[in-house]
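Raw entry_25.pdb, PDB, C-alpha atoms:
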```pdb
ATOM      1  CA  MET G  11       0.000   0.000   0.000
ATOM      2  CA  VAL G  12       2.784   2.419   0.894
ATOM      3  CA  GLU G  13       4.650   1.528  -2.254
ATOM      4  CA  GLY G  14       1.546   2.308  -4.324
ATOM      5  CA  LEU G  15       1.185   5.719  -2.714
ATOM      6  CA  VAL G  16       4.843   6.523  -3.394
ATOM      7  CA  ILE G  17       4.483   5.543  -7.031
ATOM      8  CA  LEU G  18       1.345   7.684  -7.306
ATOM      9  CA  VAL G  19       3.082  10.710  -5.821
ATOM     10  CA  ILE G  20       6.021  10.273  -8.161
ATOM     11  CA  ALA G  21       3.665  10.030 -11.114
ATOM     12  CA  LEU G  22       1.835  13.174 -10.077
ATOM     13  CA  VAL G  23       5.109  15.074  -9.692
ATOM     14  CA  CYS G  24       6.245  13.949 -13.126
ATOM     15  CA  ALA G  25       2.928  14.958 -14.629
ATOM     16  CA  CYS G  26       3.155  18.384 -13.034
ATOM     17  CA  GLY G  27       6.695  18.776 -14.354
ATOM     18  CA  VAL G  28       5.677  17.851 -17.877
ATOM     19  CA  TYR G  29       2.713  20.211 -17.654
ATOM     20  CA  ALA G  30       4.900  23.035 -16.443
ATOM     21  CA  LEU G  31       7.422  22.448 -19.214
ATOM     22  CA  SER G  32       4.743  22.360 -21.849
ATOM     23  CA  ALA G  33       3.045  25.471 -20.468
ATOM     24  CA  ALA G  34       6.153  27.613 -20.037
ATOM     25  CA  ARG G  35       7.244  29.905 -22.876
ATOM     26  CA  VAL G  36       9.986  32.516 -23.255
ATOM     27  CA  VAL G  37       9.473  35.538 -25.509
ATOM     28  CA  LYS G  38      12.593  37.435 -26.594
ATOM     29  CA  GLN G  39      12.995  41.172 -26.392
ATOM     30  CA  TYR G  40      12.492  41.770 -30.147
ATOM     31  CA  GLU G  41       9.472  39.438 -30.303
ATOM     32  CA  ARG G  42       5.830  39.535 -29.339
ATOM     33  CA  GLY G  43       3.646  36.514 -28.542
ATOM     34  CA  VAL G  44       0.136  36.067 -29.936
ATOM     35  CA  VAL G  45      -1.997  33.403 -28.215
ATOM     36  CA  PHE G  46      -4.723  31.425 -29.965
ATOM     37  CA  ARG G  47      -7.004  29.408 -27.631
ATOM     38  CA  LEU G  48      -8.793  26.680 -29.458
ATOM     39  CA  GLY G  49      -8.189  28.634 -32.668
ATOM     40  CA  ARG G  50      -9.541  31.908 -31.339
ATOM     41  CA  LEU G  51      -7.360  34.981 -30.872
ATOM     42  CA  ARG G  52      -6.836  35.914 -27.268
ATOM     43  CA  GLU G  53      -6.870  39.581 -26.390
ATOM     44  CA  GLY G  54      -3.562  41.051 -25.454
ATOM     45  CA  VAL G  55      -0.144  40.318 -26.821
ATOM     46  CA  ARG G  56       2.416  38.634 -24.642
ATOM     47  CA  GLY G  57       5.451  40.821 -24.037
ATOM     48  CA  PRO G  58       9.070  39.753 -23.758
ATOM     49  CA  GLY G  59      10.046  37.483 -20.895
ATOM     50  CA  PHE G  60       8.597  34.356 -19.278
ATOM     51  CA  THR G  61       4.945  33.497 -19.961
ATOM     52  CA  VAL G  62       2.646  30.538 -19.404
ATOM     53  CA  ILE G  63      -0.065  29.104 -21.644
ATOM     54  CA  VAL G  64      -2.544  26.274 -21.237
ATOM     55  CA  PRO G  65      -1.015  23.168 -22.789
ATOM     56  CA  PHE G  66      -2.926  21.443 -25.562
ATOM     57  CA  VAL G  67      -5.423  24.330 -25.509
ATOM     58  CA  ASP G  68      -3.456  27.461 -26.250
ATOM     59  CA  LYS G  69      -1.018  27.995 -29.122
ATOM     60  CA  LEU G  70       1.586  30.733 -28.963
ATOM     61  CA  ARG G  71       2.844  32.388 -32.182
ATOM     62  CA  LYS G  72       5.903  34.602 -31.965
ATOM     63  CA  VAL G  73       6.253  37.572 -34.298
ATOM     64  CA  ASN G  74       9.577  39.318 -34.986
ATOM     65  CA  LEU G  75       9.384  43.095 -34.677
ATOM     66  CA  GLN G  76      12.852  43.797 -36.103
ATOM     67  CA  ILE G  77      13.291  45.726 -39.348
ATOM     68  CA  VAL G  78      13.418  43.282 -42.226
ATOM     69  CA  THR G  79      15.643  43.934 -45.240
ATOM     70  CA  MET G  80      14.143  42.323 -48.303
ATOM     71  CA  PRO G  81      15.620  42.543 -51.816
ATOM     72  CA  VAL G  82      13.111  43.040 -54.589
ATOM     73  CA  PRO G  83      13.866  40.874 -57.649
ATOM     74  CA  ALA G  84      14.886  42.764 -60.792
ATOM     75  CA  GLN G  85      11.922  43.776 -62.916
ATOM     76  CA  ASP G  86      11.949  44.349 -66.678
ATOM     77  CA  GLY G  87       9.869  47.234 -67.943
ATOM     78  CA  ILE G  88       9.468  49.951 -70.542
ATOM     79  CA  THR G  89       9.734  53.547 -69.452
ATOM     80  CA  ARG G  90       7.433  56.343 -70.559
ATOM     81  CA  ASP G  91       9.917  57.338 -73.276
ATOM     82  CA  ASN G  92       9.985  53.753 -74.661
ATOM     83  CA  VAL G  93      13.290  52.534 -73.251
ATOM     84  CA  THR G  94      13.616  48.953 -72.032
ATOM     85  CA  VAL G  95      15.241  48.831 -68.577
ATOM     86  CA  ARG G  96      15.804  46.325 -65.802
ATOM     87  CA  VAL G  97      15.409  47.714 -62.283
ATOM     88  CA  ASP G  98      15.915  46.102 -58.898
ATOM     89  CA  ALA G  99      15.329  47.547 -55.449
ATOM     90  CA  VAL G 100      15.507  46.854 -51.732
ATOM     91  CA  ILE G 101      12.749  47.380 -49.172
ATOM     92  CA  TYR G 102      12.945  47.899 -45.391
ATOM     93  CA  PHE G 103       9.836  47.155 -43.299
ATOM     94  CA  LYS G 104       8.810  46.064 -39.826
ATOM     95  CA  VAL G 105       5.737  44.702 -38.013
ATOM     96  CA  ILE G 106       3.989  47.180 -35.764
ATOM     97  CA  ASP G 107       0.944  45.025 -34.876
ATOM     98  CA  ALA G 108       1.740  41.367 -34.330
ATOM     99  CA  ALA G 109      -1.884  40.225 -34.143
ATOM    100  CA  GLU G 110      -2.871  41.960 -37.383
ATOM    101  CA  ALA G 111       0.197  40.572 -39.178
ATOM    102  CA  LEU G 112      -0.935  37.045 -38.309
ATOM    103  CA  VAL G 113      -4.663  37.450 -38.781
ATOM    104  CA  ARG G 114      -5.015  39.820 -41.746
ATOM    105  CA  VAL G 115      -2.608  38.157 -44.148
ATOM    106  CA  GLU G 116      -1.402  34.595 -44.541
ATOM    107  CA  ASP G 117       2.294  35.419 -45.022
ATOM    108  CA  TYR G 118       3.090  39.085 -44.614
ATOM    109  CA  ARG G 119       6.649  38.674 -45.969
ATOM    110  CA  PHE G 120       5.461  37.164 -49.216
ATOM    111  CA  ALA G 121       2.698  39.745 -49.500
ATOM    112  CA  VAL G 122       5.087  42.649 -49.061
ATOM    113  CA  SER G 123       7.469  41.148 -51.632
ATOM    114  CA  GLN G 124       4.754  40.785 -54.265
ATOM    115  CA  MET G 125       3.410  44.259 -53.586
ATOM    116  CA  ALA G 126       6.919  45.697 -53.984
ATOM    117  CA  GLN G 127       7.408  43.982 -57.349
ATOM    118  CA  THR G 128       4.121  45.205 -58.792
ATOM    119  CA  SER G 129       4.682  48.739 -57.502
ATOM    120  CA  LEU G 130       8.173  48.768 -58.995
ATOM    121  CA  ARG G 131       6.790  47.819 -62.406
ATOM    122  CA  SER G 132       4.208  50.566 -62.132
ATOM    123  CA  ILE G 133       6.859  53.143 -61.250
ATOM    124  CA  ILE G 134       8.981  52.098 -64.242
ATOM    125  CA  GLY G 135       6.077  52.599 -66.640
ATOM    126  CA  LYS G 136       5.245  56.060 -65.259
ATOM    127  CA  SER G 137       8.803  57.440 -65.257
ATOM    128  CA  ASP G 138      11.274  58.588 -67.871
ATOM    129  CA  LEU G 139      14.761  57.193 -68.225
ATOM    130  CA  ASP G 140      16.325  60.424 -66.966
ATOM    131  CA  ASP G 141      14.200  60.231 -63.805
ATOM    132  CA  LEU G 142      15.334  56.665 -63.131
ATOM    133  CA  LEU G 143      18.968  57.678 -63.482
ATOM    134  CA  SER G 144      19.077  61.075 -61.781
ATOM    135  CA  ASN G 145      15.854  61.630 -59.796
ATOM    136  CA  ARG G 146      15.715  58.471 -57.718
ATOM    137  CA  GLU G 147      14.813  60.154 -54.446
ATOM    138  CA  LYS G 148      11.425  61.215 -55.757
ATOM    139  CA  LEU G 149      10.796  57.760 -57.220
ATOM    140  CA  ASN G 150      11.738  56.129 -53.930
ATOM    141  CA  GLN G 151       9.180  58.233 -52.084
ATOM    142  CA  GLY G 152       6.473  57.377 -54.599
ATOM    143  CA  LEU G 153       7.321  53.690 -54.411
ATOM    144  CA  GLU G 154       7.200  53.791 -50.626
ATOM    145  CA  LEU G 155       3.728  55.344 -50.655
ATOM    146  CA  MET G 156       2.435  52.743 -53.124
ATOM    147  CA  ILE G 157       3.612  49.849 -50.956
ATOM    148  CA  ASP G 158       2.754  51.365 -47.593
ATOM    149  CA  SER G 159      -0.917  51.971 -48.415
ATOM    150  CA  PRO G 160      -2.020  48.302 -48.412
ATOM    151  CA  ALA G 161       0.675  47.144 -45.974
ATOM    152  CA  ILE G 162      -0.578  49.360 -43.155
ATOM    153  CA  GLY G 163      -3.736  47.213 -43.000
ATOM    154  CA  TRP G 164      -1.596  44.124 -42.444
ATOM    155  CA  GLY G 165       0.090  45.563 -39.368
ATOM    156  CA  VAL G 166       3.263  46.210 -41.379
ATOM    157  CA  GLN G 167       5.008  49.563 -41.758
ATOM    158  CA  ILE G 168       7.255  50.303 -44.738
ATOM    159  CA  ASP G 169      10.317  52.054 -43.399
ATOM    160  CA  ARG G 170      12.240  52.764 -46.618
ATOM    161  CA  VAL G 171      12.403  51.731 -50.281
ATOM    162  CA  GLU G 172      15.503  52.229 -52.452
ATOM    163  CA  ILE G 173      16.036  51.638 -56.172
ATOM    164  CA  LYS G 174      19.338  49.812 -56.193
ATOM    165  CA  ASP G 175      20.348  49.440 -59.835
ATOM    166  CA  VAL G 176      19.108  50.339 -63.318
ATOM    167  CA  SER G 177      20.390  48.149 -66.142
ATOM    168  CA  LEU G 178      20.263  49.425 -69.721
ATOM    169  CA  PRO G 179      20.736  47.603 -73.053
ATOM    170  CA  GLU G 180      24.176  47.852 -74.654
ATOM    171  CA  THR G 181      22.865  49.872 -77.600
ATOM    172  CA  MET G 182      21.352  52.427 -75.233
ATOM    173  CA  LYS G 183      24.621  52.635 -73.285
ATOM    174  CA  ARG G 184      26.542  53.386 -76.485
ATOM    175  CA  SER G 185      24.011  56.008 -77.528
ATOM    176  CA  MET G 186      24.188  57.719 -74.143
ATOM    177  CA  ALA G 187      27.992  57.637 -74.275
ATOM    178  CA  ARG G 188      27.969  59.351 -77.690
ATOM    179  CA  GLN G 189      25.490  61.925 -76.444
ATOM    180  CA  ALA G 190      27.602  62.684 -73.367
ATOM    181  CA  GLU G 191      30.740  62.951 -75.496
ATOM    182  CA  ALA G 192      29.049  65.343 -77.926
ATOM    183  CA  ASP G 193      27.775  67.476 -75.046
ATOM    184  CA  ARG G 194      31.235  67.678 -73.474
ATOM    185  CA  GLU G 195      32.754  68.601 -76.836
ATOM    186  CA  ARG G 196      30.153  71.337 -77.284
ATOM    187  CA  ARG G 197      30.950  72.777 -73.857
ATOM    188  CA  ALA G 198      34.674  72.607 -74.595
ATOM    189  CA  ARG G 199      34.194  74.566 -77.814
ATOM    190  CA  VAL G 200      32.068  77.181 -76.079
ATOM    191  CA  ILE G 201      34.666  77.593 -73.347
ATOM    192  CA  ASN G 202      37.446  77.843 -75.932
ATOM    193  CA  ALA G 203      35.525  80.478 -77.914
ATOM    194  CA  ASP G 204      34.884  82.458 -74.743
ATOM    195  CA  ALA G 205      38.591  82.310 -73.905
ATOM    196  CA  GLU G 206      39.485  83.518 -77.394
ATOM    197  CA  LEU G 207      37.065  86.423 -77.039
ATOM    198  CA  GLN G 208      38.536  87.481 -73.704
ATOM    199  CA  ALA G 209      42.078  87.095 -75.052
ATOM    200  CA  SER G 210      41.257  89.227 -78.094
ATOM    201  CA  LYS G 211      39.909  91.990 -75.843
ATOM    202  CA  LYS G 212      43.046  91.919 -73.724
ATOM    203  CA  LEU G 213      45.266  91.949 -76.818
ATOM    204  CA  ALA G 214      43.355  94.940 -78.183
ATOM    205  CA  GLU G 215      43.908  96.798 -74.915
ATOM    206  CA  ALA G 216      47.608  95.869 -74.976
ATOM    207  CA  ALA G 217      47.965  97.084 -78.579
ATOM    208  CA  LYS G 218      46.293 100.339 -77.648
ATOM    209  CA  GLU G 219      48.757 100.847 -74.802
ATOM    210  CA  MET G 220      51.772  99.929 -76.972
ATOM    211  CA  SER G 221      50.738 102.321 -79.749
ATOM    212  CA  GLY G 222      51.453 105.232 -77.424
ATOM    213  CA  GLN G 223      54.949 103.926 -76.583
ATOM    214  CA  PRO G 224      56.740 102.383 -79.626
ATOM    215  CA  ALA G 225      59.579 101.209 -77.395
ATOM    216  CA  ALA G 226      57.156  98.849 -75.630
ATOM    217  CA  LEU G 227      56.775  96.824 -78.825
ATOM    218  CA  GLN G 228      60.546  96.498 -79.053
ATOM    219  CA  LEU G 229      60.734  95.359 -75.420
ATOM    220  CA  ARG G 230      58.006  92.834 -76.069
ATOM    221  CA  LEU G 231      59.978  91.481 -79.027
ATOM    222  CA  LEU G 232      63.065  91.097 -76.858
ATOM    223  CA  GLN G 233      61.040  89.325 -74.160
ATOM    224  CA  THR G 234      59.704  86.887 -76.735
ATOM    225  CA  VAL G 235      63.246  86.186 -77.952
ATOM    226  CA  VAL G 236      64.391  85.538 -74.376
ATOM    227  CA  ALA G 237      61.450  83.210 -73.731
ATOM    228  CA  VAL G 238      62.161  81.195 -76.881
ATOM    229  CA  ALA G 239      65.895  81.068 -76.184
ATOM    230  CA  ALA G 240      65.285  79.716 -72.676
ATOM    231  CA  GLU G 241      64.229  76.351 -74.117
ATOM    232  CA  LYS G 242      67.703  75.884 -75.691
ATOM    233  CA  ASN G 243      66.290  73.821 -78.509
ATOM    234  CA  SER G 244      65.910  76.485 -81.211
ATOM    235  CA  THR G 245      68.160  78.758 -83.260
ATOM    236  CA  LEU G 246      67.068  82.354 -83.749
ATOM    237  CA  VAL G 247      68.179  84.348 -86.810
ATOM    238  CA  LEU G 248      67.521  88.125 -86.937
ATOM    239  CA  PRO G 249      68.282  89.284 -90.538
ATOM    240  CA  PHE G 250      67.862  93.030 -89.840
ATOM    241  CA  PRO G 251      69.215  95.253 -87.069
ATOM    242  CA  VAL G 252      67.057  96.697 -84.417
ATOM    243  CA  GLU G 253      68.120 100.263 -85.326
ATOM    244  CA  LEU G 254      66.465  99.873 -88.702
ATOM    245  CA  LEU G 255      63.149  99.192 -87.031
ATOM    246  CA  ARG G 256      63.541 102.286 -84.873
ATOM    247  CA  PHE G 257      64.328 104.431 -87.955
ATOM    248  CA  LEU G 258      61.314 103.120 -89.801
ATOM    249  CA  GLU G 259      59.152 103.846 -86.799
ATOM    250  CA  ARG G 260      60.372 107.478 -86.588
ATOM    251  CA  ALA G 261      60.385 108.203 -90.325
ATOM    252  CA  THR G 262      57.323 109.633 -92.075
ATOM    253  CA  PRO G 263      56.542 109.419 -95.827
ATOM    254  CA  SER G 264      57.440 113.137 -96.443
ATOM    255  CA  GLU G 265      60.747 112.791 -94.633
ATOM    256  CA  ALA G 266      61.613 109.692 -96.610
ATOM    257  CA  ALA G 267      60.863 111.460 -99.963
ATOM    258  CA  HIS G 268      62.962 114.516 -98.978
ATOM    259  CA  ALA G 269      65.879 112.262 -98.054
ATOM    260  CA  VAL G 270      65.693 110.482-101.425
ATOM    261  CA  GLU G 271      65.691 113.805-103.353
ATOM    262  CA  ALA G 272      68.679 115.093-101.360
ATOM    263  CA  VAL G 273      70.634 111.952-102.065
ATOM    264  CA  SER G 274      69.848 112.135-105.802
ATOM    265  CA  GLY G 275      71.029 115.810-106.059
ATOM    266  CA  ALA G 276      74.241 115.086-104.200
ATOM    267  CA  VAL G 277      75.095 112.184-106.492
ATOM    268  CA  GLN G 278      74.517 114.219-109.678
ATOM    269  CA  ALA G 279      76.560 117.232-108.460
ATOM    270  CA  ALA G 280      79.611 115.259-107.320
ATOM    271  CA  PRO G 281      82.572 115.428-109.896
ATOM    272  CA  GLY G 282      83.649 112.188-111.452
ATOM    273  CA  VAL G 283      80.444 110.529-110.565
ATOM    274  CA  ALA G 284      78.810 108.531-113.324
ATOM    275  CA  GLY G 285      75.870 110.415-114.824
ATOM    276  CA  ALA G 286      77.256 114.019-114.186
ATOM    277  CA  PRO G 287      77.029 116.530-117.184
ATOM    278  CA  THR G 288      80.280 117.061-119.180
ATOM    279  CA  PRO G 289      81.081 119.848-121.800
ATOM    280  CA  THR G 290      80.327 118.959-125.401
ATOM    281  CA  PRO G 291      82.960 119.340-128.228
ATOM    282  CA  ALA G 292      81.062 122.266-129.785
ATOM    283  CA  GLU G 293      81.234 124.228-126.602
ATOM    284  CA  GLY G 294      84.980 123.560-126.366
ATOM    285  CA  GLU G 295      85.635 124.843-129.902
ATOM    286  CA  ALA G 296      83.709 128.024-129.218
ATOM    287  CA  VAL G 297      85.827 128.722-126.222
ATOM    288  CA  ALA G 298      89.063 128.073-128.061
ATOM    289  CA  GLY G 299      88.107 130.466-130.932
ATOM    290  CA  ALA G 300      87.385 133.390-128.759
ATOM    291  CA  GLY G 301      89.528 136.537-129.051
ATOM    292  CA  PRO G 302      92.251 137.487-126.651
ATOM    293  CA  GLY G 303      91.109 139.183-123.580
ATOM    294  CA  VAL G 304      87.890 137.301-123.530
ATOM    295  CA  PRO G 305      87.623 135.216-120.459
ATOM    296  CA  PRO G 306      86.889 131.554-120.926
ATOM    297  CA  GLY G 307      83.252 130.690-120.763
ATOM    298  CA  LYS G 308      82.176 134.119-122.279
ATOM    299  CA  PRO G 309      82.334 133.828-126.100
ATOM    300  CA  GLU G 310      81.350 137.009-128.033
ATOM    301  CA  ALA G 311      80.641 137.436-131.689
ATOM    302  CA  ALA G 312      82.391 140.223-133.683
ATOM    303  CA  GLY G 313      80.648 143.506-133.296
ATOM    304  CA  ALA G 314      77.959 141.988-131.124
ATOM    305  CA  PRO G 315      77.409 142.895-127.551
ATOM    306  CA  ALA G 316      78.406 140.276-125.037
ATOM    307  CA  PRO G 317      75.505 138.473-123.410
ATOM    308  CA  PRO G 318      75.210 138.769-119.692
ATOM    309  CA  ALA G 319      77.129 136.170-117.779
ATOM    310  CA  SER G 320      74.983 133.489-116.129
ATOM    311  CA  PRO G 321      75.413 133.126-112.402
ATOM    312  CA  ALA G 322      77.595 130.251-111.266
ATOM    313  CA  PRO G 323      75.732 127.254-109.725
ATOM    314  CA  PRO G 324      75.858 127.135-105.960
ATOM    315  CA  PRO G 325      78.176 124.566-104.412
ATOM    316  CA  PRO G 326      76.482 121.301-103.509
ATOM    317  CA  ALA G 327      75.252 121.026 -99.987
ATOM    318  CA  ARG G 328      77.282 118.666 -97.869
ATOM    319  CA  ARG G 329      74.704 117.934 -95.227
ATOM    320  CA  PRO G 330      72.388 115.933 -97.488
ATOM    321  CA  ALA G 331      75.385 113.989 -98.623
ATOM    322  CA  ARG G 332      76.107 113.066 -94.978
ATOM    323  CA  GLU G 333      72.481 112.085 -94.533
ATOM    324  CA  SER G 334      72.613 109.901 -97.604
ATOM    325  CA  HIS G 335      75.788 108.304 -96.299
ATOM    326  CA  HIS G 336      74.030 107.644 -92.989
ATOM    327  CA  VAL G 337      71.090 106.072 -94.805
TER     328      VAL G 337
END
```
Write the structure described by the file as structure tokens, please.
Amino acid sequence: MVEGLVILVIALVCACGVYALSAARVVKQYERGVVFRLGRLREGVRGPGFTVIVPFVDKLRKVNLQIVTMPVPAQDGITRDNVTVRVDAVIYFKVIDAAEALVRVEDYRFAVSQMAQTSLRSIIGKSDLDDLLSNREKLNQGLELMIDSPAIGWGVQIDRVEIKDVSLPETMKRSMARQAEADRERRARVINADAELQASKKLAEAAKEMSGQPAALQLRLLQTVVAVAAEKNSTLVLPFPVELLRFLERATPSEAAHAVEAVSGAVQAAPGVAGAPTPTPAEGEAVAGAGPGVPPGKPEAAGAPAPPASPAPPPPARRPARESHHV
């Protein structure tokens, strides 16, 4: 009899232990527990920590409240400007109501994934290619609103949606590369033309300043020669002296003509110079046949009055001759 009571007590203790083990549950900090009793949702969500349910009657479902990072498979679509693209994205969401996430939808992860794919296709069809490439922030906001509207009824909150990559066909890539190259070349030509315009204005101002001081042009020439000679890989040949340039700068057309006339007169008046006038034989005979007492150069006919003597030519000026020698 005593042995039977001991066995009964041991059996009861074991049964209580099994019951306690089957009834005890532990909910983690980032989880919430939803209890279904005989298939019916119990009010209240079990918080983190130790909790107890009725074995074989209650069923505890744990829901993760952490932010879930889900990649959206790449979707092929045609943009509004008829360009075929392939776009993939990534979505961040979390559960804010554990009971609604279990009751309202069968699998909230799968539902959010499908909603993201359909919304991404819709965004591709409503957008241009330039918007997909350069205006992604606005598209991300629109995509987030499209997914968040139905997901809020499932107890799920969309935290962020990002378009990750946009793949283009090879032909479109080559066309865009040619377009970008042509645009850069156009900008380079515009910048070069603008630089030429500014340089021409500065050169005009420099020429205006140098016109008032002729020596500045000469100094500029010497500076250019020094700059070229600094490389030590060129040979400079100056076939005319610098003084000639200075003379040509100072001389005027009237001064040049006067100098030429002076030189011509000096050459003709110089004795022994080729081209000077010499006495003819007739004039020499007339001088020889003149009577005694008649000075040479003044022939007189018999009984005729002597003509007046012509004045002697003035001696040639020596100063023009020196000028011609200087020239």
Name every residue that the PyMOL selection byres ((chain G and resi 82) around 8) selects in this structure, writing the answer as a ChimeraX atom specification with chains first and numbers rising. /G:80-81,83-84,98-101,123,126-127
Can you list, as a PyMOL selection string, the residues that the PyMOL selection byres ((chain G and resi 112) around 12) selects here? chain G and resi 42-46+51+55+70-74+105-111+113-119+163-166
From (4.2, 50.8, -59.1), in the file's coordinates, out to 12 Å: which residues are reached, counting only C-alpha atoms? Answer as a list in words. Gln85, Gly87, Gln124, Met125, Ala126, Gln127, Thr128, Ser129, Leu130, Arg131, Ser132, Ile133, Ile134, Gly135, Lys136, Ser137, Leu149, Asn150, Gln151, Gly152, Leu153, Glu154, Leu155, Met156, Ile157, Asp158 and Ser159 of chain G
Expanded to explicit residues, what is the PyMOL selection byres ((chain G and resi 37) around 6) for this file, as a ChimeraX atom specification? /G:36,38,58-59
Å distance separating CA of Phe66 in chain G from CA of Gly27 in chain G, one decimal place: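 Interatomic distance, CA of Phe66 in chain G to CA of Gly27 in chain G: 15.0 Å.
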To one decimal in Å, tell me the separation between CA of Pro160 in chain G and CA of Phe120 in chain G.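 Atom-to-atom, CA of Pro160 in chain G to CA of Phe120 in chain G, that is 13.4 Å.
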What does the distance between CA of Val93 in chain G and CA of Arg170 in chain G come to in Å, to one decimal place?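 Separating CA of Val93 in chain G from CA of Arg170 in chain G is a distance of 26.7 Å.
Using only C-alpha atoms for every distance, the candidate list G:Gly57, G:Asp138, G:Pro65, G:Ile201 yields G:Pro65 as the residue closest to Val28 in chain G.
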Centre and edge lengths, as AutoDock Vina command-line options, for the axis-aligned box enclosing every listed atom of range 148-158 of chain G with 5 Å of padding on each of the six sides, in Å to one decimal?
```
--center_x 7.1 --center_y 55.5 --center_z -52.4 --size_x 19.3 --size_y 21.4 --size_z 19.6
```
